[in-house]
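Enquirer: What follows is upload.cif, mmCIF, C-alpha atoms, pLDDT in the B column; chains and numbers go by the auth columns.
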```cif
data_query
#
loop_
_atom_site.group_PDB
_atom_site.id
_atom_site.type_symbol
_atom_site.label_atom_id
_atom_site.label_comp_id
_atom_site.label_asym_id
_atom_site.label_seq_id
_atom_site.Cartn_x
_atom_site.Cartn_y
_atom_site.Cartn_z
_atom_site.B_iso_or_equiv
_atom_site.auth_seq_id
_atom_site.auth_asym_id
ATOM 1 C CA MET A 1 0.000 0.000 0.000 48.00 1 A
ATOM 2 C CA GLU A 2 1.321 3.419 -0.955 52.00 2 A
ATOM 3 C CA GLU A 3 1.925 5.756 1.970 52.00 3 A
ATOM 4 C CA LYS A 4 0.407 9.231 1.617 54.00 4 A
ATOM 5 C CA LYS A 5 2.240 12.199 3.028 54.00 5 A
ATOM 6 C CA MET A 6 1.467 15.883 2.985 55.00 6 A
ATOM 7 C CA GLN A 7 3.723 17.931 0.773 54.00 7 A
ATOM 8 C CA VAL A 8 2.808 21.217 2.502 59.00 8 A
ATOM 9 C CA ALA A 9 1.904 21.713 6.199 68.00 9 A
ATOM 10 C CA ALA A 10 -1.717 22.148 7.310 80.00 10 A
ATOM 11 C CA LEU A 11 -3.170 25.625 7.832 88.00 11 A
ATOM 12 C CA ARG A 12 -5.149 26.509 10.953 91.00 12 A
ATOM 13 C CA ASN A 13 -7.030 29.564 9.593 96.00 13 A
ATOM 14 C CA GLY A 14 -6.741 31.294 6.240 95.00 14 A
ATOM 15 C CA THR A 15 -6.997 30.731 2.524 95.00 15 A
ATOM 16 C CA VAL A 16 -5.525 28.000 0.369 95.00 16 A
ATOM 17 C CA ILE A 17 -5.186 28.494 -3.375 95.00 17 A
ATOM 18 C CA ASP A 18 -4.599 25.060 -4.855 93.00 18 A
ATOM 19 C CA HIS A 19 -4.297 23.483 -8.298 93.00 19 A
ATOM 20 C CA ILE A 20 -2.423 26.418 -9.799 94.00 20 A
ATOM 21 C CA PRO A 21 -0.478 25.374 -12.902 92.00 21 A
ATOM 22 C CA ALA A 22 3.172 25.434 -11.748 93.00 22 A
ATOM 23 C CA HIS A 23 4.255 27.902 -14.440 92.00 23 A
ATOM 24 C CA LYS A 24 1.533 30.361 -13.346 91.00 24 A
ATOM 25 C CA LEU A 25 2.109 30.270 -9.583 94.00 25 A
ATOM 26 C CA PHE A 26 4.056 33.512 -9.322 92.00 26 A
ATOM 27 C CA LYS A 27 1.589 35.368 -11.548 90.00 27 A
ATOM 28 C CA VAL A 28 -1.153 34.404 -9.087 92.00 28 A
ATOM 29 C CA PHE A 29 1.097 35.572 -6.244 91.00 29 A
ATOM 30 C CA SER A 30 1.559 38.898 -8.041 88.00 30 A
ATOM 31 C CA ILE A 31 -2.082 39.380 -9.069 87.00 31 A
ATOM 32 C CA LEU A 32 -3.091 39.156 -5.390 89.00 32 A
ATOM 33 C CA ARG A 33 -0.238 41.492 -4.404 87.00 33 A
ATOM 34 C CA LEU A 34 1.002 39.003 -1.828 92.00 34 A
ATOM 35 C CA GLU A 35 4.495 40.512 -1.817 91.00 35 A
ATOM 36 C CA ASN A 36 3.034 43.147 0.550 89.00 36 A
ATOM 37 C CA CYS A 37 1.239 40.647 2.785 89.00 37 A
ATOM 38 C CA LYS A 38 2.185 40.679 6.477 92.00 38 A
ATOM 39 C CA GLU A 39 0.648 37.277 7.249 92.00 39 A
ATOM 40 C CA MET A 40 2.580 34.004 7.012 92.00 40 A
ATOM 41 C CA ILE A 41 2.560 32.601 3.481 93.00 41 A
ATOM 42 C CA THR A 42 3.542 29.103 2.424 91.00 42 A
ATOM 43 C CA VAL A 43 4.291 28.657 -1.260 92.00 43 A
ATOM 44 C CA GLY A 44 4.812 25.275 -2.868 90.00 44 A
ATOM 45 C CA ASN A 45 5.702 24.855 -6.503 93.00 45 A
ATOM 46 C CA ASN A 46 6.249 21.889 -8.799 91.00 46 A
ATOM 47 C CA LEU A 47 4.305 19.643 -6.432 90.00 47 A
ATOM 48 C CA ASN A 48 3.021 16.390 -7.897 89.00 48 A
ATOM 49 C CA SER A 49 -0.535 16.536 -9.221 86.00 49 A
ATOM 50 C CA ARG A 50 -2.540 13.789 -10.900 88.00 50 A
ATOM 51 C CA THR A 51 -4.472 16.289 -13.023 86.00 51 A
ATOM 52 C CA LEU A 52 -1.808 18.913 -13.794 84.00 52 A
ATOM 53 C CA GLY A 53 1.394 16.891 -13.609 90.00 53 A
ATOM 54 C CA LYS A 54 3.014 19.680 -11.596 93.00 54 A
ATOM 55 C CA LYS A 55 1.100 22.257 -9.599 94.00 55 A
ATOM 56 C CA GLY A 56 1.558 25.209 -7.296 94.00 56 A
ATOM 57 C CA ILE A 57 -0.171 25.993 -4.017 94.00 57 A
ATOM 58 C CA ILE A 58 -0.333 29.140 -1.877 95.00 58 A
ATOM 59 C CA LYS A 59 -1.432 29.104 1.762 95.00 59 A
ATOM 60 C CA ILE A 60 -2.032 32.430 3.474 95.00 60 A
ATOM 61 C CA SER A 61 -2.488 32.315 7.228 95.00 61 A
ATOM 62 C CA ASP A 62 -5.251 34.421 8.815 95.00 62 A
ATOM 63 C CA ARG A 63 -6.146 36.076 5.505 93.00 63 A
ATOM 64 C CA PHE A 64 -9.514 35.797 3.814 93.00 64 A
ATOM 65 C CA PHE A 65 -10.019 37.320 0.387 89.00 65 A
ATOM 66 C CA GLU A 66 -13.163 38.846 -1.048 88.00 66 A
ATOM 67 C CA GLU A 67 -14.625 36.988 -4.026 83.00 67 A
ATOM 68 C CA GLU A 68 -13.690 39.829 -6.381 80.00 68 A
ATOM 69 C CA GLU A 69 -10.041 39.370 -5.352 84.00 69 A
ATOM 70 C CA THR A 70 -9.957 35.623 -5.848 86.00 70 A
ATOM 71 C CA ASN A 71 -11.886 35.844 -9.098 83.00 71 A
ATOM 72 C CA LYS A 72 -8.889 37.680 -10.576 85.00 72 A
ATOM 73 C CA ILE A 73 -7.106 34.339 -10.410 89.00 73 A
ATOM 74 C CA ALA A 74 -9.525 33.075 -13.074 88.00 74 A
ATOM 75 C CA LEU A 75 -7.734 35.318 -15.575 86.00 75 A
ATOM 76 C CA ILE A 76 -4.630 33.136 -15.459 86.00 76 A
ATOM 77 C CA ALA A 77 -5.559 29.938 -13.605 88.00 77 A
ATOM 78 C CA PRO A 78 -9.273 29.320 -14.189 85.00 78 A
ATOM 79 C CA ASN A 79 -9.180 25.809 -12.702 88.00 79 A
ATOM 80 C CA ALA A 80 -7.483 26.805 -9.452 93.00 80 A
ATOM 81 C CA LYS A 81 -9.348 25.960 -6.260 93.00 81 A
ATOM 82 C CA ILE A 82 -9.968 28.372 -3.370 95.00 82 A
ATOM 83 C CA ASN A 83 -10.461 26.809 0.049 95.00 83 A
ATOM 84 C CA ILE A 84 -11.315 28.803 3.166 95.00 84 A
ATOM 85 C CA ILE A 85 -9.903 27.141 6.292 95.00 85 A
ATOM 86 C CA LYS A 86 -11.060 27.630 9.884 96.00 86 A
ATOM 87 C CA GLU A 87 -9.621 25.530 12.718 95.00 87 A
ATOM 88 C CA TYR A 88 -7.935 23.182 10.212 93.00 88 A
ATOM 89 C CA GLU A 89 -11.238 22.434 8.443 95.00 89 A
ATOM 90 C CA VAL A 90 -12.336 23.501 4.966 94.00 90 A
ATOM 91 C CA VAL A 91 -15.437 25.598 5.628 96.00 91 A
ATOM 92 C CA GLU A 92 -15.887 26.932 2.093 94.00 92 A
ATOM 93 C CA LYS A 93 -14.818 25.859 -1.375 94.00 93 A
ATOM 94 C CA ARG A 94 -15.125 28.897 -3.565 90.00 94 A
ATOM 95 C CA PRO A 95 -15.520 28.490 -7.334 86.00 95 A
ATOM 96 C CA LEU A 96 -13.710 31.009 -9.510 87.00 96 A
ATOM 97 C CA GLU A 97 -15.615 33.242 -11.888 86.00 97 A
ATOM 98 C CA LEU A 98 -14.264 35.832 -14.251 85.00 98 A
ATOM 99 C CA PRO A 99 -14.875 39.334 -12.908 87.00 99 A
ATOM 100 C CA GLU A 100 -16.903 41.801 -14.987 89.00 100 A
ATOM 101 C CA ASP A 101 -14.074 44.337 -15.020 91.00 101 A
ATOM 102 C CA VAL A 102 -10.313 44.038 -14.662 90.00 102 A
ATOM 103 C CA ARG A 103 -8.245 46.975 -13.440 89.00 103 A
ATOM 104 C CA GLU A 104 -4.480 47.430 -13.274 88.00 104 A
ATOM 105 C CA ILE A 105 -3.623 43.793 -13.971 86.00 105 A
ATOM 106 C CA VAL A 106 -3.488 43.435 -17.730 89.00 106 A
ATOM 107 C CA GLN A 107 -1.496 45.469 -20.223 92.00 107 A
ATOM 108 C CA CYS A 108 -3.397 46.712 -23.268 94.00 108 A
ATOM 109 C CA PRO A 109 -2.137 44.985 -26.426 93.00 109 A
ATOM 110 C CA ASN A 110 -2.780 48.130 -28.512 95.00 110 A
ATOM 111 C CA PRO A 111 0.533 50.027 -28.741 95.00 111 A
ATOM 112 C CA ALA A 112 -1.397 53.252 -29.445 97.00 112 A
ATOM 113 C CA CYS A 113 -3.596 52.959 -26.320 96.00 113 A
ATOM 114 C CA ILE A 114 -3.362 55.845 -23.864 96.00 114 A
ATOM 115 C CA THR A 115 -2.549 53.369 -21.058 95.00 115 A
ATOM 116 C CA ASN A 116 0.728 52.540 -22.815 94.00 116 A
ATOM 117 C CA HIS A 117 1.816 56.209 -23.055 94.00 117 A
ATOM 118 C CA GLN A 118 0.428 58.068 -20.051 95.00 118 A
ATOM 119 C CA ALA A 119 -0.084 57.423 -16.362 94.00 119 A
ATOM 120 C CA VAL A 120 -3.564 55.989 -16.923 95.00 120 A
ATOM 121 C CA LYS A 121 -4.436 52.755 -15.136 94.00 121 A
ATOM 122 C CA THR A 122 -5.622 49.938 -17.366 94.00 122 A
ATOM 123 C CA PHE A 123 -9.290 49.068 -17.298 95.00 123 A
ATOM 124 C CA PHE A 124 -10.865 46.179 -19.217 95.00 124 A
ATOM 125 C CA HIS A 125 -14.354 44.765 -19.522 95.00 125 A
ATOM 126 C CA VAL A 126 -14.704 40.983 -19.703 92.00 126 A
ATOM 127 C CA VAL A 127 -16.744 39.973 -22.721 91.00 127 A
ATOM 128 C CA SER A 128 -17.777 36.320 -22.809 82.00 128 A
ATOM 129 C CA ASP A 129 -19.782 34.024 -25.007 74.00 129 A
ATOM 130 C CA GLU A 130 -20.172 30.240 -24.832 70.00 130 A
ATOM 131 C CA ASN A 131 -16.653 29.431 -26.041 74.00 131 A
ATOM 132 C CA THR A 132 -14.523 32.545 -25.718 78.00 132 A
ATOM 133 C CA HIS A 133 -13.507 35.064 -23.110 83.00 133 A
ATOM 134 C CA LEU A 134 -12.254 38.425 -24.331 91.00 134 A
ATOM 135 C CA LEU A 135 -10.956 41.475 -22.559 93.00 135 A
ATOM 136 C CA LYS A 136 -12.022 44.782 -24.101 95.00 136 A
ATOM 137 C CA CYS A 137 -10.017 47.890 -23.248 96.00 137 A
ATOM 138 C CA HIS A 138 -12.221 50.603 -21.779 97.00 138 A
ATOM 139 C CA TYR A 139 -10.203 53.334 -23.528 97.00 139 A
ATOM 140 C CA CYS A 140 -9.283 52.115 -27.018 97.00 140 A
ATOM 141 C CA GLU A 141 -11.825 49.262 -27.231 96.00 141 A
ATOM 142 C CA LYS A 142 -9.191 46.811 -28.471 95.00 142 A
ATOM 143 C CA GLU A 143 -10.255 43.222 -27.759 94.00 143 A
ATOM 144 C CA ALA A 144 -7.867 40.424 -26.869 91.00 144 A
ATOM 145 C CA LYS A 145 -8.349 36.773 -25.990 88.00 145 A
ATOM 146 C CA LEU A 146 -7.806 35.980 -22.340 82.00 146 A
ATOM 147 C CA GLU A 147 -5.008 33.549 -23.207 78.00 147 A
ATOM 148 C CA GLU A 148 -3.173 36.224 -25.211 80.00 148 A
ATOM 149 C CA VAL A 149 -3.118 39.139 -22.763 82.00 149 A
ATOM 150 C CA LYS A 150 0.016 40.135 -20.895 83.00 150 A
ATOM 151 C CA ILE A 151 -0.362 40.212 -17.128 80.00 151 A
ATOM 152 C CA LYS A 152 1.519 43.164 -15.627 72.00 152 A
#
```
As a first step, turn the structure in this file into structure tokens.

Expert:
Amino acid sequence: MEEKKMQVAALRNGTVIDHIPAHKLFKVFSILRLENCKEMITVGNNLNSRTLGKKGIIKISDRFFEEEETNKIALIAPNAKINIIKEYEVVEKRPLELPEDVREIVQCPNPACITNHQAVKTFFHVVSDENTHLLKCHYCEKEAKLEEVKIK
């Protein structure tokens, strides 16, 4: 019988972001601005995963994000899982949804856009249909596929 062992220590209270594709882990870290976080953070990367091959995980102690914050993760890791932990138990599994608007995260792909020449913060609207998710720049109205945008 194969022995199971935890690859990352348990969290008493906080948020766990799991099933992040390994190559996108640090973009998720950045999108949530965790470099400024004062709470204890455990980051694991290139952990074994049956579904992803290799995955990343972020555990933030005593920090609970609003849905609009965690939904930003859907821009780069739509299949990531958000688990809210209280007293070592998962009390909420939060599905990710694309937000309606995205601010200050994505760079506009239009070289002529005002956001690429002046101190104007980027602002995109998420436009979705059954098969495609697009980001539409609020200023120049350039559309780009979610997979093609550059995360700042």

Enquirer: Counting all atoms listed in the file, I want the residues whose atoms come within 12 Å of (-4.5, 53.3, -28.5) in the file frame, returned as a PyMOL selection string.

Expert: chain A and resi 107-118+120+122+137-143

Enquirer: Would you output that residue set with C-alpha atoms, as a PDB file, in the frame of the given file?

Expert:
```pdb
ATOM      1  CA  GLN A 107      -1.496  45.469 -20.223  1.00 92.00           C
ATOM      2  CA  CYS A 108      -3.397  46.712 -23.268  1.00 94.00           C
ATOM      3  CA  PRO A 109      -2.137  44.985 -26.426  1.00 93.00           C
ATOM      4  CA  ASN A 110      -2.780  48.130 -28.512  1.00 95.00           C
ATOM      5  CA  PRO A 111       0.533  50.027 -28.741  1.00 95.00           C
ATOM      6  CA  ALA A 112      -1.397  53.252 -29.445  1.00 97.00           C
ATOM      7  CA  CYS A 113      -3.596  52.959 -26.320  1.00 96.00           C
ATOM      8  CA  ILE A 114      -3.362  55.845 -23.864  1.00 96.00           C
ATOM      9  CA  THR A 115      -2.549  53.369 -21.058  1.00 95.00           C
ATOM     10  CA  ASN A 116       0.728  52.540 -22.815  1.00 94.00           C
ATOM     11  CA  HIS A 117       1.816  56.209 -23.055  1.00 94.00           C
ATOM     12  CA  GLN A 118       0.428  58.068 -20.051  1.00 95.00           C
ATOM     13  CA  VAL A 120      -3.564  55.989 -16.923  1.00 95.00           C
ATOM     14  CA  THR A 122      -5.622  49.938 -17.366  1.00 94.00           C
ATOM     15  CA  CYS A 137     -10.017  47.890 -23.248  1.00 96.00           C
ATOM     16  CA  HIS A 138     -12.221  50.603 -21.779  1.00 97.00           C
ATOM     17  CA  TYR A 139     -10.203  53.334 -23.528  1.00 97.00           C
ATOM     18  CA  CYS A 140      -9.283  52.115 -27.018  1.00 97.00           C
ATOM     19  CA  GLU A 141     -11.825  49.262 -27.231  1.00 96.00           C
ATOM     20  CA  LYS A 142      -9.191  46.811 -28.471  1.00 95.00           C
ATOM     21  CA  GLU A 143     -10.255  43.222 -27.759  1.00 94.00           C
TER      22      GLU A 143
END
```

Enquirer: Assuming the chain letters and numbering stay as they are in my file, what does the PyMOL selection byres ((chain A and resi 133) around 12) actually select? List them as a ChimeraX atom specification.

Expert: /A:74-76,78,97-100,125-132,134-136,143-149

Enquirer: Quick one, how far is atom CA of Phe123 of chain A from atom CA of Phe29 of chain A?

Expert: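 One can read the atom CA of Phe123 of chain A to atom CA of Phe29 of chain A distance as 20.3 Å.
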
Enquirer: Exactly which residues make up the result of the PyMOL selection byres ((chain A and resi 52) around 9) on this file, given as a ChimeraX atom specification?

Expert: /A:19-22,48-51,53-55

Enquirer: Identify, on the basis of only C-alpha atoms, every residue whose closest approach to Thr70 of chain A does not exceed 9 Å; exclude the query and any residue fewer than 2 positions from it along the same chain; express the result as a ChimeraX atom specification.

Expert: /A:17,32,65-68,72-74,82,94,96-97

Enquirer: Mind telling me what the PyMOL selection byres ((chain A and resi 39-44) around 7) catches here, as number ranges by chain?

Expert: A: 37-38, 45-47, 56-62

Enquirer: Could you check how far atom CA of Ile84 of chain A sits from atom CA of Asn13 of chain A, in Å to one decimal?

Expert: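 It comes out at 7.8 Å.
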